[in-house]
$ cat coords.csv   # CSV, C-alpha atoms
chain,number,residue,atom,x,y,z
J,208,MET,CA,-1.5,-15.4,7.5
J,209,ASN,CA,-0.3,-14.2,10.8
J,210,LEU,CA,-2.7,-12.5,13.2
J,211,ARG,CA,-1.9,-9.8,15.7
J,212,ARG,CA,-4.7,-8.4,17.8
J,213,PHE,CA,-4.4,-5.0,19.6
J,214,THR,CA,-6.5,-3.7,22.4
J,215,SER,CA,-7.0,-0.3,20.7
J,216,ALA,CA,-6.5,1.6,17.5
J,217,ASP,CA,-3.9,3.7,19.3
J,218,GLU,CA,-1.9,0.6,20.2
J,219,LEU,CA,-2.0,-0.6,16.6
J,220,THR,CA,-0.9,2.8,15.4
J,221,ALA,CA,2.1,2.8,17.8
J,222,ALA,CA,3.2,-0.6,16.5
J,223,ALA,CA,2.8,0.4,12.9
J,224,VAL,CA,4.8,3.6,13.5
J,225,ALA,CA,7.6,1.5,15.0
J,226,LEU,CA,7.5,-0.9,12.1
J,227,LEU,CA,7.7,1.9,9.5
J,228,ALA,CA,10.5,3.6,11.4
J,229,ARG,CA,12.6,0.3,11.3
J,230,HIS,CA,12.0,0.0,7.5
J,231,VAL,CA,13.0,3.6,6.7
J,232,ALA,CA,16.1,3.5,8.8
J,233,PRO,CA,19.5,2.8,7.1
J,234,GLY,CA,20.0,-0.8,6.2
J,235,PRO,CA,23.0,-3.0,5.7
J,236,GLY,CA,24.7,-3.2,2.3
J,237,GLY,CA,23.3,-0.1,0.8
J,238,ARG,CA,21.1,-2.1,-1.7
J,239,PRO,CA,18.2,0.1,-2.8
J,240,ARG,CA,14.9,-0.5,-1.0
J,241,ALA,CA,11.3,0.5,-1.4
J,242,ILE,CA,8.2,0.6,0.8
J,243,MET,CA,4.6,0.4,-0.4
J,244,LEU,CA,2.2,2.6,1.6
J,245,SER,CA,-1.6,2.2,1.7
J,246,GLY,CA,-4.0,5.0,1.0
J,247,GLY,CA,-7.4,5.4,2.7
J,248,HIS,CA,-8.3,6.6,6.2
J,249,THR,CA,-7.0,3.8,8.4
J,250,PRO,CA,-3.3,4.4,8.1
J,251,LEU,CA,-3.5,8.2,8.3
J,252,PRO,CA,-2.9,8.3,12.1
J,253,VAL,CA,0.2,6.1,11.5
J,254,TYR,CA,1.5,8.6,9.0
J,255,ARG,CA,0.8,11.6,11.1
J,256,THR,CA,2.5,10.1,14.2
J,257,LEU,CA,5.5,9.1,12.2
J,258,ALA,CA,5.8,12.5,10.7
J,259,ALA,CA,5.8,14.1,14.2
J,260,GLU,CA,8.6,11.9,15.5
J,261,GLY,CA,11.4,13.4,13.5
J,262,VAL,CA,12.4,10.3,11.7
J,263,VAL,CA,14.4,10.8,8.5
J,264,ALA,CA,14.2,8.1,5.8
J,265,ALA,CA,17.5,6.6,4.6
J,266,PRO,CA,18.6,7.9,1.2
J,267,ASP,CA,18.3,4.4,-0.4
J,268,VAL,CA,14.6,4.1,0.4
J,269,ARG,CA,11.9,4.8,-2.2
J,270,PHE,CA,8.2,4.8,-1.8
J,271,PHE,CA,5.1,4.0,-3.8
J,272,LEU,CA,1.4,3.6,-3.1
J,273,SER,CA,-0.8,0.5,-3.3
J,274,ASP,CA,-3.4,2.5,-5.3
J,275,GLU,CA,-4.4,5.9,-6.4
J,276,ARG,CA,-7.7,7.5,-7.2
J,277,HIS,CA,-7.8,9.1,-10.7
J,278,VAL,CA,-8.2,12.7,-9.4
J,279,PRO,CA,-5.8,15.7,-9.5
J,280,PRO,CA,-2.9,15.8,-7.0
J,281,ASN,CA,-4.6,18.6,-5.1
J,282,HIS,CA,-7.9,16.8,-4.8
J,283,PRO,CA,-8.8,15.8,-1.2
J,284,GLU,CA,-9.3,12.1,-2.3
J,285,ASN,CA,-5.8,11.9,-3.9
J,286,ASN,CA,-3.8,9.4,-1.8
J,287,LEU,CA,-0.4,10.9,-2.5
J,288,GLY,CA,-1.7,14.3,-1.7
J,289,GLN,CA,-2.7,13.1,1.7
J,290,LEU,CA,0.9,12.0,2.3
J,291,THR,CA,2.7,15.2,1.4
J,292,GLY,CA,3.3,16.1,5.1
J,293,LEU,CA,4.7,12.6,5.8
J,294,PHE,CA,7.2,12.7,2.9
J,295,ALA,CA,8.3,16.3,3.8
J,296,ALA,CA,8.9,15.2,7.4
J,297,LEU,CA,10.9,12.1,6.3
J,298,ALA,CA,13.0,14.3,4.0
J,299,VAL,CA,12.0,12.3,1.0
J,300,PRO,CA,12.6,14.2,-2.3
J,301,GLY,CA,10.2,13.9,-5.2
J,302,ASP,CA,12.5,11.7,-7.2
J,303,ARG,CA,12.3,9.0,-4.6
J,304,LEU,CA,8.5,8.8,-5.0
J,305,ILE,CA,7.0,6.5,-7.6
J,306,ARG,CA,3.6,8.1,-8.3
J,307,VAL,CA,0.6,7.6,-10.4
J,308,HIS,CA,0.4,10.3,-13.0
J,309,THR,CA,-3.4,11.1,-12.8
J,310,GLY,CA,-3.1,13.8,-15.4
J,311,LEU,CA,-2.9,11.1,-18.0
J,312,PRO,CA,-5.9,9.1,-19.2
J,313,LEU,CA,-6.6,6.2,-16.9
J,314,ASP,CA,-5.2,3.4,-19.0
J,315,GLU,CA,-2.1,5.4,-19.8
J,316,ALA,CA,-1.6,6.2,-16.1
J,317,ALA,CA,-1.8,2.5,-15.2
J,318,ASP,CA,0.6,1.6,-18.0
J,319,ARG,CA,3.0,4.3,-16.8
J,320,TYR,CA,2.8,3.1,-13.2
J,321,HIS,CA,3.4,-0.5,-14.4
J,322,ARG,CA,6.5,0.6,-16.3
J,323,ASP,CA,7.8,2.6,-13.4
J,324,LEU,CA,7.3,-0.3,-10.9
J,325,GLN,CA,9.0,-2.6,-13.4
J,326,ALA,CA,12.0,-0.3,-13.6
J,327,LEU,CA,12.1,-0.3,-9.8
J,328,ARG,CA,12.2,-4.1,-9.8
J,329,GLN,CA,14.8,-4.2,-12.6
J,330,SER,CA,17.0,-1.9,-10.6
J,331,GLY,CA,17.5,-4.7,-8.0
J,332,ALA,CA,15.6,-2.8,-5.3
J,333,ARG,CA,14.0,-4.9,-2.5
J,334,VAL,CA,10.4,-4.0,-1.6
J,335,THR,CA,10.8,-4.7,2.1
J,336,LEU,CA,7.4,-3.7,3.4
J,337,GLY,CA,3.9,-3.1,2.1
J,338,LEU,CA,1.0,-1.8,4.1
J,339,LEU,CA,-2.5,-2.6,3.0
J,340,GLY,CA,-6.0,-1.7,4.1
J,341,LEU,CA,-9.1,-3.9,4.1
J,342,GLY,CA,-12.5,-2.7,2.9
J,343,ALA,CA,-15.7,-3.9,4.6
J,344,ASP,CA,-16.5,-5.5,1.2
J,345,GLY,CA,-13.3,-7.5,1.2
J,346,HIS,CA,-11.2,-5.4,-1.2
J,347,THR,CA,-7.7,-4.2,-0.8
J,348,ALA,CA,-5.7,-1.6,-2.7
J,349,SER,CA,-8.2,-1.0,-5.5
J,350,LEU,CA,-8.8,-4.6,-6.3
J,351,PHE,CA,-12.5,-4.9,-5.8
J,352,SER,CA,-13.3,-8.1,-7.5
J,353,PRO,CA,-11.9,-11.4,-8.9
J,354,GLU,CA,-12.1,-9.8,-12.3
J,355,ASP,CA,-9.8,-7.0,-11.2
J,356,ILE,CA,-7.4,-9.7,-10.0
J,357,ARG,CA,-7.6,-11.5,-13.4
J,358,ARG,CA,-7.0,-8.3,-15.4
J,359,GLY,CA,-3.9,-7.7,-13.4
J,360,ALA,CA,-2.2,-11.0,-14.5
J,361,GLY,CA,1.2,-10.4,-15.9
J,362,ARG,CA,1.3,-6.8,-14.8
J,363,LEU,CA,2.5,-4.8,-11.8
J,364,ALA,CA,-0.3,-2.1,-12.0
J,365,VAL,CA,-3.8,-2.1,-13.5
J,366,ALA,CA,-6.5,0.4,-14.3
J,367,VAL,CA,-9.7,-0.2,-12.3
J,368,ARG,CA,-13.0,1.3,-13.5
J,369,ARG,CA,-15.6,1.8,-10.8
J,370,PRO,CA,-19.4,2.1,-11.3
J,371,ASN,CA,-19.1,5.5,-9.6
J,372,PRO,CA,-15.9,7.5,-10.2
J,373,PRO,CA,-13.2,8.2,-9.3
J,374,HIS,CA,-11.7,5.3,-11.2
J,375,ARG,CA,-8.4,3.9,-9.8
J,376,THR,CA,-4.9,2.6,-10.6
J,377,SER,CA,-3.9,-0.4,-8.4
J,378,VAL,CA,-1.0,-2.6,-7.8
J,379,THR,CA,-1.6,-6.2,-8.7
J,380,PRO,CA,-1.0,-9.6,-7.1
J,381,GLY,CA,2.1,-9.9,-9.2
J,382,LEU,CA,3.6,-6.9,-7.5
J,383,LEU,CA,2.3,-8.0,-4.0
J,384,ALA,CA,4.0,-11.3,-4.4
J,385,ARG,CA,7.4,-9.5,-4.6
J,386,ILE,CA,7.0,-7.7,-1.2
J,387,GLU,CA,9.0,-9.3,1.6
J,388,GLU,CA,6.5,-8.4,4.3
J,389,ILE,CA,2.9,-7.3,3.9
J,390,VAL,CA,0.8,-6.0,6.8
J,391,PHE,CA,-2.9,-5.4,6.7
J,392,LEU,CA,-4.0,-2.6,9.1
J,393,VAL,CA,-7.6,-3.1,10.1
J,394,THR,CA,-9.5,-1.0,12.8
J,395,GLY,CA,-13.1,-0.7,13.9
J,396,PRO,CA,-16.0,-3.0,14.7
J,397,ASP,CA,-17.3,-2.7,11.2
J,398,LYS,CA,-14.3,-4.6,9.9
J,399,ALA,CA,-14.3,-7.4,12.4
J,400,ALA,CA,-16.4,-9.8,10.3
J,401,VAL,CA,-14.4,-9.3,7.1
J,402,ALA,CA,-11.1,-9.6,9.0
J,403,GLN,CA,-12.2,-12.9,10.4
J,404,ARG,CA,-13.3,-14.1,6.9
J,405,LEU,CA,-9.9,-13.1,5.5
J,406,LEU,CA,-8.3,-15.4,8.1
J,407,ASP,CA,-10.7,-18.3,7.7
J,408,ASP,CA,-11.4,-18.2,4.0
J,409,PRO,CA,-9.0,-15.9,2.2
J,410,ASP,CA,-9.8,-17.2,-1.3
J,411,SER,CA,-13.4,-15.9,-0.9
J,412,LEU,CA,-12.3,-12.3,-0.8
J,413,PRO,CA,-10.4,-10.1,-3.3
J,414,ALA,CA,-8.0,-9.2,-0.6
J,415,GLY,CA,-7.1,-12.8,0.1
J,416,LEU,CA,-6.7,-13.5,-3.6
J,417,ALA,CA,-4.5,-10.5,-4.0
J,418,VAL,CA,-1.9,-11.7,-1.5
J,419,ALA,CA,-2.2,-15.4,-2.1
J,420,ALA,CA,1.4,-15.6,-3.5
J,421,ALA,CA,2.9,-13.2,-1.0
J,422,PRO,CA,5.6,-14.8,1.2
J,423,ASN,CA,4.9,-13.1,4.5
J,424,VAL,CA,1.4,-11.6,5.3
J,425,SER,CA,0.2,-10.4,8.7
J,426,LEU,CA,-3.2,-9.1,9.7
J,427,TRP,CA,-3.2,-6.5,12.4
J,428,VAL,CA,-6.6,-5.9,14.0
J,429,ALA,CA,-7.8,-3.5,16.6

$ encode --input "coords.csv" --output "structure tokens"
Amino acid sequence: MNLRRFTSADELTAAAVALLARHVAPGPGGRPRAIMLSGGHTPLPVYRTLAAEGVVAAPDVRFFLSDERHVPPNHPENNLGQLTGLFAALAVPGDRLIRVHTGLPLDEAADRYHRDLQALRQSGARVTLGLLGLGADGHTASLFSPEDIRRGAGRLAVAVRRPNPPHRTSVTPGLLARIEEIVFLVTGPDKAAVAQRLLDDPDSLPAGLAVAAAPNVSLWVA
């Protein structure tokens, strides 16, 4: 795992904006591409800044999320709902967003997401970039435990039931292994210890297990 340290959250944000801008720009060959975005609070400044910069996504780029809370689209905890402004600014129409259909029962929503991600893969699209967060408890996406990792075997998306709702739909290690570049975005002193543990002993954390087969993983810390 590659480590990149930043002197401030603003510096990390600027670098992540530049990274995303490169990946949404037109690419060679016209082969379809996709980008995985993380939910949660850490990347929101990145998305707001990118939205303000007037960048337009190339027409061959599709987007999906690392995970989604099982709440209605207009709920404040809905990850896709928080990104509505970003996709509008990037001029991304709805048919280029692969979404979790939270109006379905949880298991059906996860099965639908798995099938939609499978169709993306079968279309020949490259997933060139994936952004991930890191919880203070060592989770990433909505993979909170080794059991969540195991239940995702052979799938691209899995339902995750939490002791306290909302429940979640999450991508799996099998999906993460197909992403060409994964970047963890980690900010704040409360994440310093778990970030170091991810570097030193990745197999001890769900986040490390989740990306164990991914070809190119970086940890950006501020």

$ residues_around --input "coords.csv" --residues "J:Met208" --least-positions-apart "5" --cutoff "9 Å" --atoms "all atoms listed in the file" --output "list in words"
Leu405, Leu406, Asn423, Val424, Ser425 and Leu426 of chain J

$ closest_residue --input "coords.csv" --among "J:Leu313, J:Leu339, J:Ile305, J:Ala265" --to "J:Arg240" --atoms "only C-alpha atoms"
J:Ala265

$ residues_around --input "coords.csv" --residues "stretch 280-282 of chain J" --least-positions-apart "6" --cutoff "9 Å" --atoms "only C-alpha atoms" --output "list in words"
Gly288, Gln289, His308, Thr309 and Gly310 of chain J

$ residues_near_point --input "coords.csv" --point "(-6.1, -17.6, -7.8)" --cutoff "12 Å" --atoms "all atoms listed in the file" --output "list in words"
Ser352, Pro353, Glu354, Asp355, Ile356, Arg357, Gly359, Ala360, Pro380, Gly381, Pro409, Asp410, Ser411, Leu412, Pro413, Ala414, Gly415, Leu416, Ala417, Val418, Ala419 and Ala420 of chain J

$ residues_near_point --input "coords.csv" --point "(12.7, 8.8, -7.7)" --cutoff "12 Å" --atoms "all atoms listed in the file" --output "JSON, numbers by chain"
{"J": [239, 240, 241, 266, 267, 268, 269, 270, 271, 299, 300, 301, 302, 303, 304, 305, 306, 323, 324, 326, 327, 330]}

$ closest_residue --input "coords.csv" --among "J:Ala429, J:Ala366, J:Leu251, J:Ala264" --to "J:Val231" --atoms "all atoms listed in the file"
J:Ala264

$ atom_distance --input "coords.csv" --atom1 "atom CA of J:Arg404" --atom2 "atom CA of J:Asp344"
10.8 Å

$ atom_distance --input "coords.csv" --atom1 "atom CA of J:Asp217" --atom2 "atom CA of J:Leu383"
26.8 Å

$ closest_residue --input "coords.csv" --among "J:Leu272, J:Leu297, J:Val401, J:Ala223" --to "J:Pro252" --atoms "all atoms listed in the file"
J:Ala223

$ closest_residue --input "coords.csv" --among "J:Val263, J:Ala332, J:Val307, J:Tyr254" --to "J:Thr291" --atoms "only C-alpha atoms"
J:Tyr254

$ closest_residue --input "coords.csv" --among "J:Leu350, J:Ala258, J:Arg385, J:Ser215" --to "J:Leu227" --atoms "only C-alpha atoms"
J:Ala258

$ atom_distance --input "coords.csv" --atom1 "atom CA of J:Thr379" --atom2 "atom CA of J:Gly236"
28.7 Å

$ closest_residue --input "coords.csv" --among "J:Leu290, J:Ala232, J:Val253, J:Ala402" --to "J:Leu338" --atoms "only C-alpha atoms"
J:Val253

$ decode --input "coords.csv" --residues "stretch 368-418 of chain J" --atoms "C-alpha atoms" --output "compact mmCIF listing (two decimals), in the first residue's frame"
# COMPACT_ATOMS: atom_id res chain seq x y z
CA ARG J 368 -27.36 -5.63 8.39
CA ARG J 369 -26.33 -3.36 11.23
CA PRO J 370 -27.25 -3.66 14.93
CA ASN J 371 -28.80 -0.22 14.65
CA PRO J 372 -30.34 0.74 11.29
CA PRO J 373 -29.93 1.95 8.68
CA HIS J 374 -28.78 -1.27 7.08
CA ARG J 375 -26.48 -1.01 4.06
CA THR J 376 -25.61 -2.30 0.62
CA SER J 377 -21.86 -2.47 0.01
CA VAL J 378 -19.47 -3.39 -2.75
CA THR J 379 -17.34 -6.45 -2.02
CA PRO J 380 -13.66 -7.37 -2.20
CA GLY J 381 -14.42 -9.04 -5.53
CA LEU J 382 -15.49 -5.70 -6.97
CA LEU J 383 -12.61 -3.80 -5.35
CA ALA J 384 -10.11 -6.24 -6.89
CA ARG J 385 -11.23 -5.07 -10.35
CA ILE J 386 -10.53 -1.36 -9.77
CA GLU J 387 -7.32 -0.12 -11.36
CA GLU J 388 -6.53 2.48 -8.68
CA ILE J 389 -7.99 2.73 -5.17
CA VAL J 390 -7.36 5.70 -2.89
CA PHE J 391 -8.33 5.84 0.78
CA LEU J 392 -9.04 9.41 1.88
CA VAL J 393 -8.41 9.79 5.62
CA THR J 394 -8.46 13.03 7.62
CA GLY J 395 -8.42 13.99 11.29
CA PRO J 396 -6.41 12.99 14.36
CA ASP J 397 -9.06 10.44 15.37
CA LYS J 398 -8.13 8.37 12.31
CA ALA J 399 -4.34 8.49 12.75
CA ALA J 400 -4.05 5.25 14.73
CA VAL J 401 -6.30 3.20 12.46
CA ALA J 402 -4.56 4.58 9.35
CA GLN J 403 -1.21 3.46 10.74
CA ARG J 404 -2.64 0.05 11.54
CA LEU J 405 -3.95 -0.25 7.98
CA LEU J 406 -0.39 0.29 6.78
CA ASP J 407 1.34 -1.95 9.32
CA ASP J 408 -1.14 -4.80 9.69
CA PRO J 409 -3.82 -4.57 6.98
CA ASP J 410 -5.15 -8.09 7.53
CA SER J 411 -6.22 -7.11 11.05
CA LEU J 412 -8.84 -4.68 9.71
CA PRO J 413 -11.90 -5.15 7.50
CA ALA J 414 -10.58 -2.33 5.29
CA GLY J 415 -7.31 -4.17 4.71
CA LEU J 416 -9.08 -7.45 3.98
CA ALA J 417 -11.40 -5.65 1.58
CA VAL J 418 -8.58 -4.41 -0.67
